[in-house]
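One structure below.
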4 protein chains.
Amino acid sequence: MDKLRVGILGATGIIGQRLISMIESHPFLEVTSVASSGHKSGMTYGSAVRWLLPEPLNRKYSEMKLIDAGRVAELAKECDMVVSALPSDAAGLERDLAQFLPVVSKSSYNRMRSDVPLYVPGVNEDHLDLIPHQQRVNGYKGFVSCDANCSSTQLAISLKPLMDLEPQSILVDTMQAVSGAGYPGIPSMDILGNVVPFIQDEEEKIMSETKKIMGALDRNNQSILPRSIDLAARCSRISVQDGHTETVFLRFRRGVDISEVRKALEGQRNLNVKERTYSFPEKLIVFHSAVDRPQPRIDAWVSRGMSVSVGGLRESGGWVTFTTVAHNTILGGAGGAICQIEALVKRGII
Amino acid sequence: MDKLRVGILGATGIIGQRLISMIESHPFLEVTSVASSGHKSGMTYGSAVRWLLPEPLNRKYSEMKLIDAGRVAELAKECDMVVSALPSDAAGLERDLAQFLPVVSKSSYNRMRSDVPLYVPGVNEDHLDLIPHQQRVNGYKGFVSCDANCSSTQLAISLKPLMDLEPQSILVDTMQAVSGAGYPGIPSMDILGNVVPFIQDEEEKIMSETKKIMGALDRNNQSILPRSIDLAARCSRISVQDGHTETVFLRFRRGVDISEVRKALEGQRNLNVKERTYSFPEKLIVFHSAVDRPQPRIDAWVSRGMSVSVGGLRESGGWVTFTTVAHNTILGGAGGAICQIEALVKRGII
Amino acid sequence: MDKLRVGILGATGIIGQRLISMIESHPFLEVTSVASSGHKSGMTYGSAVRWLLPEPLNRKYSEMKLIDAGRVAELAKECDMVVSALPSDAAGLERDLAQFLPVVSKSSYNRMRSDVPLYVPGVNEDHLDLIPHQQRVNGYKGFVSCDANCSSTQLAISLKPLMDLEPQSILVDTMQAVSGAGYPGIPSMDILGNVVPFIQDEEEKIMSETKKIMGALDRNNQSILPRSIDLAARCSRISVQDGHTETVFLRFRRGVDISEVRKALEGQRNLNVKERTYSFPEKLIVFHSAVDRPQPRIDAWVSRGMSVSVGGLRESGGWVTFTTVAHNTILGGAGGAICQIEALVKRGII
Amino acid sequence: MDKLRVGILGATGIIGQRLISMIESHPFLEVTSVASSGHKSGMTYGSAVRWLLPEPLNRKYSEMKLIDAGRVAELAKECDMVVSALPSDAAGLERDLAQFLPVVSKSSYNRMRSDVPLYVPGVNEDHLDLIPHQQRVNGYKGFVSCDANCSSTQLAISLKPLMDLEPQSILVDTMQAVSGAGYPGIPSMDILGNVVPFIQDEEEKIMSETKKIMGALDRNNQSILPRSIDLAARCSRISVQDGHTETVFLRFRRGVDISEVRKALEGQRNLNVKERTYSFPEKLIVFHSAVDRPQPRIDAWVSRGMSVSVGGLRESGGWVTFTTVAHNTILGGAGGAICQIEALVKRGII
């Protein structure tokens with residue numbers, strides 16, 4: 001089988017780098033174009049990128065010429081689809097591209113549009129069936145489909161097994177890694193041995209995205225009805241390289257035994273892990289009994305960065321509480337996008 | 001006036017060191033004895049201590065002989081009172097000492113006893129009036145009075161102005177500095193660039209202590225009635241040297257405007273800062289309007305480590321949320337104890 | 001006595017902030033103008049600066065209007081002198097200012113010019129006597145006089161006591177704090193838990209500056225003859241907030257006993273500490289016998305950041321080796337400049 | 001072929017853990033026994049170990065019973081050889097074991113004995129031919145052969161290509177990772193955002209070991225003549241998890257062009273990489289042209305932790321200088337030992 005030709009928009013950023021690195025060994029995807037917004041176009045990828053991964057950049061990519069991400073026609077010719085990791089302010093062109101070819105986007109720009117799926121691996125694959133409607137209405141040959149924010153992705157996977165226990169209130173407090181801010185991102189003087197208790201727009205994203213992710217596709221596959229959840233979020237940046245940590249507090253409408261919660265999490269209830277595709281981990285949730293796990297330095301890397309580690313499950317003052325860790329630029333970044341492509345192929349949408 | 005002669009139990013630990021350093025320039029306190037549990041007794045303080053503070057250890061202290069903390073008679077002779085920063089498993093002897101002289105304790109051992117005050121600066125000075133009852137019942141010449149845990153102290157100060165707004169639910173998620181674990185404490189391999197989402201007994205301490213601190217002394221000054229609060233806590237250790245950060249979520253019984261909360265916090269409502277004693281900061285709460293403050297590396301040191309910095313106040317999904325920072329070994333450690341001594345002197349109890 | 005009116009150029013940077021903070025309590029200096037290069041002029045200082053110090057910014061300064069550093073006439077009117085902490089590419093205007101008023105510069109731009117002193121506290125105050133010659137030749141009413149680079153300053157102070165033991169070879173390897181790169185400086189993703197073994201131009205600065213600092217002023221006070229030293233330097237950036245650490249290797253022409261080196265360092269031989277001015281520490285060198293000192297987190301702050309801590313002195317394979325720590329933005333930054341002003345006043349040059 | 005049965009002494013430490021993890025997928029080695037010194041014997045490995053690696057501990061090992069490392073007969077029965085990662089004070093029993101079976105040791109205890117090889121991959125495989133002599137003289141059925149210290153290993157590999165250029169003086173200054181101190185090792189309070197400029201015995205080890213490693217085996221394979229080198233070392237611990245960084249200064253007897261040095265390093269001159277065994281990396285030295293490499297967070301992991309990265313090669317004040325990075329618990333730990341076993345098998349000594 002010929003490989004699917006993938007273009008990477010925003011190829012020089014952290015997510016772009018991870019995409020290139022992860023697709024390199026993929027059985028049916030290959031990167032055929034790299035694009036960036038603006039002034040770097042025309043340069044070779046190798047000279048334009050500040051390569052941040054431990055594995056060396058393959059010469060095949062370093063010699064590719066960077067295309068301007070706005071050159072829609074060129075991209076449509078060279079690629080069967082694109083993954084966009086463009087910054088939000090450049091992501092407006094995703095819909096231009098959608099006229100010609102599929103766009104899977106890591107950008108927040110289109111996430112909350114009613115005709116755009118907001119995909120989280122294992123949680124809401126069925127939302128991808130919204131795409132034909134988007135194509136019809138807009139007259140697109142392609143489409144735009146979004147990945148959720150890294151923090152929302154991690155939260156949604158850890159909550160999915162518990163949603164039918166009917167949580168009444170959900171609170172999440174995050175401790176996020178610096179790689180989530182991109183490069184150069186947060187200055188070292190601000191974060192070394194410190195906590196910055198604010199991340200622009202992050203709390204709003206978690207709250208609105210989670211409701212959409214947990215929402216229901218209507219019968220006609222024409223819209224997603226957000227789920228009504230009493231959900232509050234606080235976000236901090238801490239001095240960790242990779243891997244977000246989330247503290248979750250849950251109160252249930254009816255009495256819920258902690259062992260029931262454990263069973264649901266450990267058993268990955270309601271997570272679609274059986275029909276998993278190539279990049280999907282065997283376990284989307286890795287459950288820890290040890291009281292002091294998960295920890296980002298260790299657990300962000302489990303399943304090559306594709307699982308959410310959940311642990312420290314305990315009752316506290318009438319609340320069910322636990323901690324989760326996931327890799328923000330793999331599961332919550334490049335890996336999530338690759339899973340989405342695989343799901344789109346499996347469903348015949350690409 | 002002659003200075004009050006203070007003995008330090010657990011003098012070689014972090015809190016002990018801070019006590020010695022802070023009392024050095026105190027107008028009416030002086031350290032006359034240093035004691036430790038066990039095998040170090042007989043050594044000079046200078047040879048027994050691993051001095052961790054930037055200011056050098058004064059020769060006056062380095063040449064003092066360490067007494068065994070169990071030598072009650074000797075301590076009673078050399079000191080007018082003692083501050084105990086003993087580890088919990090050695091703090092049993094605090095009540096032996098109480099027969100002879102006042103003991104202000106940083107240890108958790110006696111905190112939850114019904115006849116022992118659990119002091120937090122500015123919050124519950126009146127609880128110290130429980131002491132005469134303790135003395136009568138036990139036939140003590142001295143007494144035991146406790147300081148709260150560092151995390152509870154910080155939380156109680158930030159909540160006190162809001163208690164008459166009647167919070168229905170309070171949740172706190174902490175990000176605690178490594179100095180809170182004492183020395184040697186947490187190994188660097190466990191915490192560098194990492195989060196450890198568990199601190200032994202800490203969540204229980206926060207929940208039970210806060211209820212006692214916010215409780216009411218009965219009319220006869222014979223007991224403290226803990227306040228019933230819907231309170232849950234989660235605690236993590238992070239890669240920060242000094243200064244705990246706490247994320248607080250609050251829901252109120254009746255609608256509360258965020259500006260009302262701000263006014264209460266900024267105005268230090270219900271905090272006893274007017275009759276403040278020598279070591280008391282001008283403002284127990286330093287309020288920040290900037291969205292990205294407070295931060296431990298910067299704000300733990302405000303007012304020489306004696307204030308709680310509060311900021312990032314915002315409404316999130318129907319919850320009132322904010323972040324606090326305080327210095328865990330100053331306000332939440334040595335400084336809190338010194339404030340308590342001053343309050344005891346002011347009230348004529350010492 | 002009226003205070004000397006000081007203008008700060010580059011006032012919003014780290015060194016500028018430290019200057020403002022340190023001069024606030026100075027007995028005969030006061031900050032009367034704040035200036036920056038370019039687009040911030042016209043803003044109030046408080047709105048333009050990202051204040052990075054734990055002590056709060058005094059309202060007196062926050063309400064000052066930022067002047068464009070190029071407005072020479074205005075500065076000459078409002079100030080008796082200026083301290084320049086401008087970035088190198090903007091420091092060209094220092095010589096324009098010198099026509100009208102004294103300029104003490106932290107910038108590297110003019111450091112190596114033959115008619116400009118390169119001052120290090122305690123080491124080469126006599127070089128300031130070069131200034132009258134500079135004024136005559138250029139027809140300046142004022143002058144330009146430079147402070148050395150932070151790493152050079154620290155090295156020069158630690159070497160000065162040893163120069164008459166005639167070192168044959170000197171090697172220095174630095175581990176430098178992130179605050180040395182200014183703000184935003186080095187991205188957290190590059191330095192968290194990492195070492196970056198390169199700092200632009202730093203090794204060249206250390207080598208050339210040290211030779212000039214150790215050089216001799218000729219009899220007519222018209223030039224400085226750099227000292228010929230076999231000196232090599234390597235520089236790395238590490239994950240430390242404040243305080244540079246330097247490893248020094250020395251080989252002497254003739255046999256030198258390690259105790260002789262110790263005596264010279266401990267005794268601060270040849271350092272001009274007796275006629276010290278206001279900001280000068282009692283000891284420019286604080287000598288440590290403990291094998292594992294000095295350490296930047298602890299020792300950078302000794303003498304309020306104005307001393308060089310030296311320790312770990314030992315013979316290794318025929319080389320004399322030791323480690324030094326100093327505060328790069330105090331002694332090696334704002335504090336060094338203030339010492340220079342005091343020396344200029346003492347010598348009657350200002 | 002049956003796999004060689006390997007016992008791990010000191011199995012619960014960091015090196016022991018890495019050995020177990022690396023041997024798990026080895027084509028001709030298998031771990032059949034785990035042993036520790038003292039009080040843990042009898043426990044299962046899973047309950048005794050604090051597992052620090054991201055990859056989970058295989059159940060096969062977690063259920064093994066820990067043997068007391070002193071039970072020589074038992075080990076001799078269950079294993080064809082042992083790898084010792086015992087602490088120095090327990091390593092005395094290595095020679096008891098040598099009576100019965102081969103011992104490859106990571107401990108420093110026997111390193112400097114004249115009849116013991118001190119192996120570094122690619123550098124001095126021929127020294128292993130000393131073993132028959134050791135066996136004859138002592139009447140051993142087995143033998144003891146040592147791996148060098150992590151810092152010495154890294155230094156020796158980077159120097160080997162340059163030794164025939166005849167360096168006159170060599171100085172090395174290290175910045176070492178916390179994992180080198182074992183677990184619990186260095187307390188977080190000592191090293192967070194700090195430098196500790198001292199590591200017990202480390203400088204002496206580097207100086208004496210390097211001379212032995214670079215030494216020559218005599219014609220009769222009966223002793224190693226240490227090479228006379230003018231070598232000095234300084235060692236610091238820094239806030240890095242894994243990967244030691246070394247700054248090297250070299251002066252050559254005759255003029256040496258920097259390009260000649262580069263050619264030797266880049267070409268891995270004199271390193272035995274052609275006849276490499278299974279665990280040997282393709283390149284023992286990975287050379288970087290970028291001025292700011294190598295960096296431990298990125299480069300320690302190249303070739304799965306088995307290469308020395310060398311970069312920042314430049315002339316400085318008449319000295320040739322460069323920086324190296326290697327993984328201290330892989331190349332300088334478990335991986336080095338596995339290479340030695342492979343070399344011993346290849347040479348027919350095991």
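How things are named: the first chain in the structure tokens is A, the next is B, and so on; residues count from 1 in each chain; ligands count from 1 in the order shown.
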
Could you please select, counting only C-alpha atoms, the residues of chain D within 9 Å of chain B and state them as a PDB file with all heavy atoms, in the first residue's frame?
ATOM      1  N   LEU D  52      13.668   2.783  39.978  1.00  0.00           N
ATOM      2  CA  LEU D  52      13.778   4.182  39.580  1.00  0.00           C
ATOM      3  C   LEU D  52      13.706   4.406  38.075  1.00  0.00           C
ATOM      4  O   LEU D  52      13.792   5.539  37.604  1.00  0.00           O
ATOM      5  CB  LEU D  52      15.105   4.754  40.098  1.00  0.00           C
ATOM      6  CG  LEU D  52      15.244   4.839  41.621  1.00  0.00           C
ATOM      7  CD1 LEU D  52      16.697   4.939  42.030  1.00  0.00           C
ATOM      8  CD2 LEU D  52      14.470   6.044  42.155  1.00  0.00           C
ATOM      9  N   VAL D 178      23.235  13.993  39.490  1.00  0.00           N
ATOM     10  CA  VAL D 178      22.919  13.463  40.815  1.00  0.00           C
ATOM     11  C   VAL D 178      22.792  11.940  40.833  1.00  0.00           C
ATOM     12  O   VAL D 178      23.018  11.314  41.864  1.00  0.00           O
ATOM     13  CB  VAL D 178      21.636  14.093  41.409  1.00  0.00           C
ATOM     14  CG1 VAL D 178      21.818  15.575  41.640  1.00  0.00           C
ATOM     15  CG2 VAL D 178      20.418  13.838  40.540  1.00  0.00           C
ATOM     16  N   SER D 179      22.453  11.335  39.714  1.00  0.00           N
ATOM     17  CA  SER D 179      22.312   9.873  39.722  1.00  0.00           C
ATOM     18  C   SER D 179      23.651   9.191  40.004  1.00  0.00           C
ATOM     19  O   SER D 179      23.670   8.029  40.399  1.00  0.00           O
ATOM     20  CB  SER D 179      21.707   9.369  38.408  1.00  0.00           C
ATOM     21  OG  SER D 179      22.534   9.701  37.321  1.00  0.00           O
ATOM     22  N   GLY D 182      24.122   7.665  43.549  1.00  0.00           N
ATOM     23  CA  GLY D 182      23.263   6.583  44.011  1.00  0.00           C
ATOM     24  C   GLY D 182      21.997   7.101  44.654  1.00  0.00           C
ATOM     25  O   GLY D 182      21.697   8.298  44.579  1.00  0.00           O
ATOM     26  N   TYR D 183      21.263   6.179  45.281  1.00  0.00           N
ATOM     27  CA  TYR D 183      19.989   6.541  45.907  1.00  0.00           C
ATOM     28  C   TYR D 183      20.056   6.192  47.382  1.00  0.00           C
ATOM     29  O   TYR D 183      20.479   5.107  47.715  1.00  0.00           O
ATOM     30  CB  TYR D 183      18.843   5.794  45.243  1.00  0.00           C
ATOM     31  CG  TYR D 183      17.488   6.255  45.732  1.00  0.00           C
ATOM     32  CD1 TYR D 183      16.870   7.342  45.146  1.00  0.00           C
ATOM     33  CD2 TYR D 183      16.873   5.625  46.810  1.00  0.00           C
ATOM     34  CE1 TYR D 183      15.650   7.791  45.607  1.00  0.00           C
ATOM     35  CE2 TYR D 183      15.655   6.071  47.275  1.00  0.00           C
ATOM     36  CZ  TYR D 183      15.044   7.153  46.672  1.00  0.00           C
ATOM     37  OH  TYR D 183      13.852   7.605  47.128  1.00  0.00           O
ATOM     38  N   PRO D 184      19.659   7.032  48.337  1.00  0.00           N
ATOM     39  CA  PRO D 184      19.068   8.348  48.140  1.00  0.00           C
ATOM     40  C   PRO D 184      20.070   9.406  47.702  1.00  0.00           C
ATOM     41  O   PRO D 184      19.671  10.421  47.160  1.00  0.00           O
ATOM     42  CB  PRO D 184      18.493   8.689  49.517  1.00  0.00           C
ATOM     43  CG  PRO D 184      19.337   7.932  50.484  1.00  0.00           C
ATOM     44  CD  PRO D 184      19.732   6.676  49.774  1.00  0.00           C
ATOM     45  N   GLY D 185      21.347   9.202  47.916  1.00  0.00           N
ATOM     46  CA  GLY D 185      22.327  10.148  47.399  1.00  0.00           C
ATOM     47  C   GLY D 185      22.187  11.537  47.971  1.00  0.00           C
ATOM     48  O   GLY D 185      21.947  11.728  49.161  1.00  0.00           O
ATOM     49  N   ILE D 186      22.277  12.526  47.134  1.00  0.00           N
ATOM     50  CA  ILE D 186      22.365  13.905  47.581  1.00  0.00           C
ATOM     51  C   ILE D 186      20.961  14.480  47.863  1.00  0.00           C
ATOM     52  O   ILE D 186      20.075  14.358  47.038  1.00  0.00           O
ATOM     53  CB  ILE D 186      23.155  14.739  46.547  1.00  0.00           C
ATOM     54  CG1 ILE D 186      23.480  16.124  47.078  1.00  0.00           C
ATOM     55  CG2 ILE D 186      22.438  14.820  45.221  1.00  0.00           C
ATOM     56  CD1 ILE D 186      24.608  16.802  46.343  1.00  0.00           C
ATOM     57  N   PRO D 187      20.770  15.065  49.044  1.00  0.00           N
ATOM     58  CA  PRO D 187      19.463  15.628  49.389  1.00  0.00           C
ATOM     59  C   PRO D 187      19.077  16.765  48.444  1.00  0.00           C
ATOM     60  O   PRO D 187      19.932  17.547  48.025  1.00  0.00           O
ATOM     61  CB  PRO D 187      19.660  16.176  50.810  1.00  0.00           C
ATOM     62  CG  PRO D 187      20.847  15.449  51.349  1.00  0.00           C
ATOM     63  CD  PRO D 187      21.726  15.196  50.159  1.00  0.00           C
ATOM     64  N   SER D 188      17.797  16.869  48.165  1.00  0.00           N
ATOM     65  CA  SER D 188      17.350  17.919  47.245  1.00  0.00           C
ATOM     66  C   SER D 188      17.688  19.303  47.775  1.00  0.00           C
ATOM     67  O   SER D 188      18.017  20.203  47.002  1.00  0.00           O
ATOM     68  CB  SER D 188      15.851  17.805  46.976  1.00  0.00           C
ATOM     69  OG  SER D 188      15.131  17.710  48.182  1.00  0.00           O
ATOM     70  N   MET D 189      17.627  19.497  49.108  1.00  0.00           N
ATOM     71  CA  MET D 189      17.925  20.820  49.657  1.00  0.00           C
ATOM     72  C   MET D 189      19.348  21.257  49.339  1.00  0.00           C
ATOM     73  O   MET D 189      19.661  22.439  49.339  1.00  0.00           O
ATOM     74  CB  MET D 189      17.724  20.835  51.168  1.00  0.00           C
ATOM     75  CG  MET D 189      16.261  20.813  51.529  1.00  0.00           C
ATOM     76  SD  MET D 189      16.034  21.300  53.250  1.00  0.00           S
ATOM     77  CE  MET D 189      16.609  22.994  53.204  1.00  0.00           C
ATOM     78  N   ASP D 190      20.237  20.292  49.112  1.00  0.00           N
ATOM     79  CA  ASP D 190      21.626  20.644  48.829  1.00  0.00           C
ATOM     80  C   ASP D 190      21.872  20.996  47.366  1.00  0.00           C
ATOM     81  O   ASP D 190      22.855  21.657  47.055  1.00  0.00           O
ATOM     82  CB  ASP D 190      22.554  19.474  49.205  1.00  0.00           C
ATOM     83  CG  ASP D 190      22.736  19.346  50.696  1.00  0.00           C
ATOM     84  OD1 ASP D 190      22.503  20.333  51.409  1.00  0.00           O
ATOM     85  OD2 ASP D 190      23.099  18.249  51.159  1.00  0.00           O
ATOM     86  N   ILE D 191      21.050  20.525  46.478  1.00  0.00           N
ATOM     87  CA  ILE D 191      21.447  20.613  45.067  1.00  0.00           C
ATOM     88  C   ILE D 191      20.467  21.355  44.160  1.00  0.00           C
ATOM     89  O   ILE D 191      20.839  21.798  43.074  1.00  0.00           O
ATOM     90  CB  ILE D 191      21.733  19.187  44.527  1.00  0.00           C
ATOM     91  CG1 ILE D 191      22.630  19.242  43.294  1.00  0.00           C
ATOM     92  CG2 ILE D 191      20.449  18.433  44.238  1.00  0.00           C
ATOM     93  CD1 ILE D 191      24.012  19.737  43.547  1.00  0.00           C
ATOM     94  N   LEU D 192      19.223  21.545  44.598  1.00  0.00           N
ATOM     95  CA  LEU D 192      18.261  22.283  43.758  1.00  0.00           C
ATOM     96  C   LEU D 192      18.784  23.683  43.456  1.00  0.00           C
ATOM     97  O   LEU D 192      19.005  24.473  44.364  1.00  0.00           O
ATOM     98  CB  LEU D 192      16.935  22.448  44.497  1.00  0.00           C
ATOM     99  CG  LEU D 192      15.869  21.390  44.291  1.00  0.00           C
ATOM    100  CD1 LEU D 192      14.626  21.767  45.074  1.00  0.00           C
ATOM    101  CD2 LEU D 192      15.533  21.238  42.828  1.00  0.00           C
ATOM    102  N   GLY D 193      18.962  24.008  42.201  1.00  0.00           N
ATOM    103  CA  GLY D 193      19.432  25.337  41.821  1.00  0.00           C
ATOM    104  C   GLY D 193      20.778  25.669  42.428  1.00  0.00           C
ATOM    105  O   GLY D 193      21.075  26.819  42.740  1.00  0.00           O
ATOM    106  N   SER D 239      22.761  20.250  39.322  1.00  0.00           N
ATOM    107  CA  SER D 239      21.343  19.917  39.346  1.00  0.00           C
ATOM    108  C   SER D 239      20.880  19.303  38.022  1.00  0.00           C
ATOM    109  O   SER D 239      20.013  19.836  37.347  1.00  0.00           O
ATOM    110  CB  SER D 239      20.610  21.240  39.637  1.00  0.00           C
ATOM    111  OG  SER D 239      19.312  21.031  40.069  1.00  0.00           O
ATOM    112  N   VAL D 240      21.485  18.187  37.662  1.00  0.00           N
ATOM    113  CA  VAL D 240      21.162  17.452  36.433  1.00  0.00           C
ATOM    114  C   VAL D 240      20.873  16.019  36.838  1.00  0.00           C
ATOM    115  O   VAL D 240      21.529  15.486  37.731  1.00  0.00           O
ATOM    116  CB  VAL D 240      22.364  17.524  35.450  1.00  0.00           C
ATOM    117  CG1 VAL D 240      22.293  16.433  34.399  1.00  0.00           C
ATOM    118  CG2 VAL D 240      22.432  18.892  34.797  1.00  0.00           C
ATOM    119  N   GLN D 241      19.889  15.395  36.226  1.00  0.00           N
ATOM    120  CA  GLN D 241      19.476  14.052  36.614  1.00  0.00           C
ATOM    121  C   GLN D 241      20.485  12.992  36.160  1.00  0.00           C
ATOM    122  O   GLN D 241      21.018  12.250  36.963  1.00  0.00           O
ATOM    123  CB  GLN D 241      18.100  13.753  35.991  1.00  0.00           C
ATOM    124  CG  GLN D 241      17.453  12.472  36.461  1.00  0.00           C
ATOM    125  CD  GLN D 241      16.920  12.579  37.877  1.00  0.00           C
ATOM    126  OE1 GLN D 241      16.687  13.670  38.380  1.00  0.00           O
ATOM    127  NE2 GLN D 241      16.759  11.456  38.546  1.00  0.00           N
TER     128      GLN D 241
END

Find the residues around C:Ser88 up to 7 Å (only C-alpha atoms counted), leave out those fewer than 3 positions away in its own chain, and share them as a ChimeraX atom specification. /C:91,107-109

From the DSSP assignment of the backbone, select every residue of stretch 67-199 of chain B that is alpha helix (DSSP H), and format the answer as a VMD selection string.
chain B and resid 72 to 78 94 to 98 131 to 138 150 to 159 188 to 191

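The two atoms in question, atom CA of D:His26 and atom CA of D:Ala337, are spaced 13.0 Å apart.
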
* Using backbone DSSP assignments, extract all strand (DSSP E) residues from stretch 132-336 of chain C; output them as a PyMOL selection string. => chain C and resi 143-147+167-176+195-196+216-217+224-225+231-238+244-252+285-287+308-316+319-326

Residues at most 7 Å from A:Ala69, counting only C-alpha atoms, excluding those fewer than 6 positions away in the same chain, as a PDB file with N, CA and C atoms, in the first residue's frame?
ATOM      1  N   LEU A   9       2.258  21.426   8.914  1.00  0.00           N
ATOM      2  CA  LEU A   9       2.256  22.896   9.021  1.00  0.00           C
ATOM      3  C   LEU A   9       2.711  23.287  10.424  1.00  0.00           C
ATOM      4  N   ALA A  35       5.929  22.804   6.265  1.00  0.00           N
ATOM      5  CA  ALA A  35       5.543  24.192   6.005  1.00  0.00           C
ATOM      6  C   ALA A  35       5.575  24.977   7.303  1.00  0.00           C
ATOM      7  N   SER A  36       5.786  26.271   7.163  1.00  0.00           N
ATOM      8  CA  SER A  36       5.755  27.126   8.350  1.00  0.00           C
ATOM      9  C   SER A  36       5.078  28.420   7.966  1.00  0.00           C
ATOM     10  N   SER A  37       4.709  29.149   8.973  1.00  0.00           N
ATOM     11  CA  SER A  37       4.089  30.426   8.675  1.00  0.00           C
ATOM     12  C   SER A  37       5.188  31.434   8.434  1.00  0.00           C
TER      13      SER A  37
END

Extract, using only C-alpha atoms, all DNA, RNA and protein residues at most 7 Å from stretch 146-153 of chain D, discarding same-chain residues fewer than 4 positions from it, and format them as number ranges by chain.
D: 104-106, 111, 116-120, 157, 206, 209-210, 328, 332-333, 336-337

Applying 9 Å and only C-alpha atoms, which residues near D:Gly13 remain after dropping the ones on its own chain fewer than 4 positions away? List them as a PDB file with N, CA, C and O atoms, in the first residue's frame.
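And here is the file that came out, selection_13.pdb:
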ATOM      1  N   GLN D  17      19.896  -1.858  38.912  1.00  0.00           N
ATOM      2  CA  GLN D  17      18.641  -1.759  38.175  1.00  0.00           C
ATOM      3  C   GLN D  17      18.880  -1.644  36.674  1.00  0.00           C
ATOM      4  O   GLN D  17      18.227  -2.274  35.858  1.00  0.00           O
ATOM      5  N   ARG D  18      19.842  -0.807  36.322  1.00  0.00           N
ATOM      6  CA  ARG D  18      20.157  -0.645  34.896  1.00  0.00           C
ATOM      7  C   ARG D  18      20.671  -1.968  34.311  1.00  0.00           C
ATOM      8  O   ARG D  18      20.358  -2.313  33.180  1.00  0.00           O
ATOM      9  N   SER D  36      22.288  -8.864  47.331  1.00  0.00           N
ATOM     10  CA  SER D  36      22.578  -7.569  47.914  1.00  0.00           C
ATOM     11  C   SER D  36      23.386  -7.793  49.177  1.00  0.00           C
ATOM     12  O   SER D  36      23.479  -8.904  49.686  1.00  0.00           O
ATOM     13  N   VAL D  49      13.426  -3.445  46.257  1.00  0.00           N
ATOM     14  CA  VAL D  49      13.996  -2.404  45.405  1.00  0.00           C
ATOM     15  C   VAL D  49      13.090  -1.174  45.375  1.00  0.00           C
ATOM     16  O   VAL D  49      11.870  -1.295  45.444  1.00  0.00           O
ATOM     17  N   ARG D  50      13.682   0.004  45.312  1.00  0.00           N
ATOM     18  CA  ARG D  50      12.923   1.199  44.937  1.00  0.00           C
ATOM     19  C   ARG D  50      13.253   1.440  43.477  1.00  0.00           C
ATOM     20  O   ARG D  50      14.278   2.027  43.136  1.00  0.00           O
ATOM     21  N   TRP D  51      12.406   0.945  42.608  1.00  0.00           N
ATOM     22  CA  TRP D  51      12.666   0.927  41.165  1.00  0.00           C
ATOM     23  C   TRP D  51      12.604   2.337  40.602  1.00  0.00           C
ATOM     24  O   TRP D  51      11.603   3.030  40.749  1.00  0.00           O
ATOM     25  N   ALA D  85      27.955  -4.583  41.671  1.00  0.00           N
ATOM     26  CA  ALA D  85      27.740  -3.137  41.823  1.00  0.00           C
ATOM     27  C   ALA D  85      27.589  -2.858  43.309  1.00  0.00           C
ATOM     28  O   ALA D  85      26.805  -2.015  43.728  1.00  0.00           O
ATOM     29  N   LEU D  86      28.380  -3.572  44.098  1.00  0.00           N
ATOM     30  CA  LEU D  86      28.336  -3.415  45.555  1.00  0.00           C
ATOM     31  C   LEU D  86      28.961  -2.083  45.964  1.00  0.00           C
ATOM     32  O   LEU D  86      29.859  -1.585  45.290  1.00  0.00           O
ATOM     33  N   GLY D 182      24.122   7.665  43.549  1.00  0.00           N
ATOM     34  CA  GLY D 182      23.263   6.583  44.011  1.00  0.00           C
ATOM     35  C   GLY D 182      21.997   7.101  44.654  1.00  0.00           C
ATOM     36  O   GLY D 182      21.697   8.298  44.579  1.00  0.00           O
ATOM     37  N   TYR D 183      21.263   6.179  45.281  1.00  0.00           N
ATOM     38  CA  TYR D 183      19.989   6.541  45.907  1.00  0.00           C
ATOM     39  C   TYR D 183      20.056   6.192  47.382  1.00  0.00           C
ATOM     40  O   TYR D 183      20.479   5.107  47.715  1.00  0.00           O
TER      41      TYR D 183
END
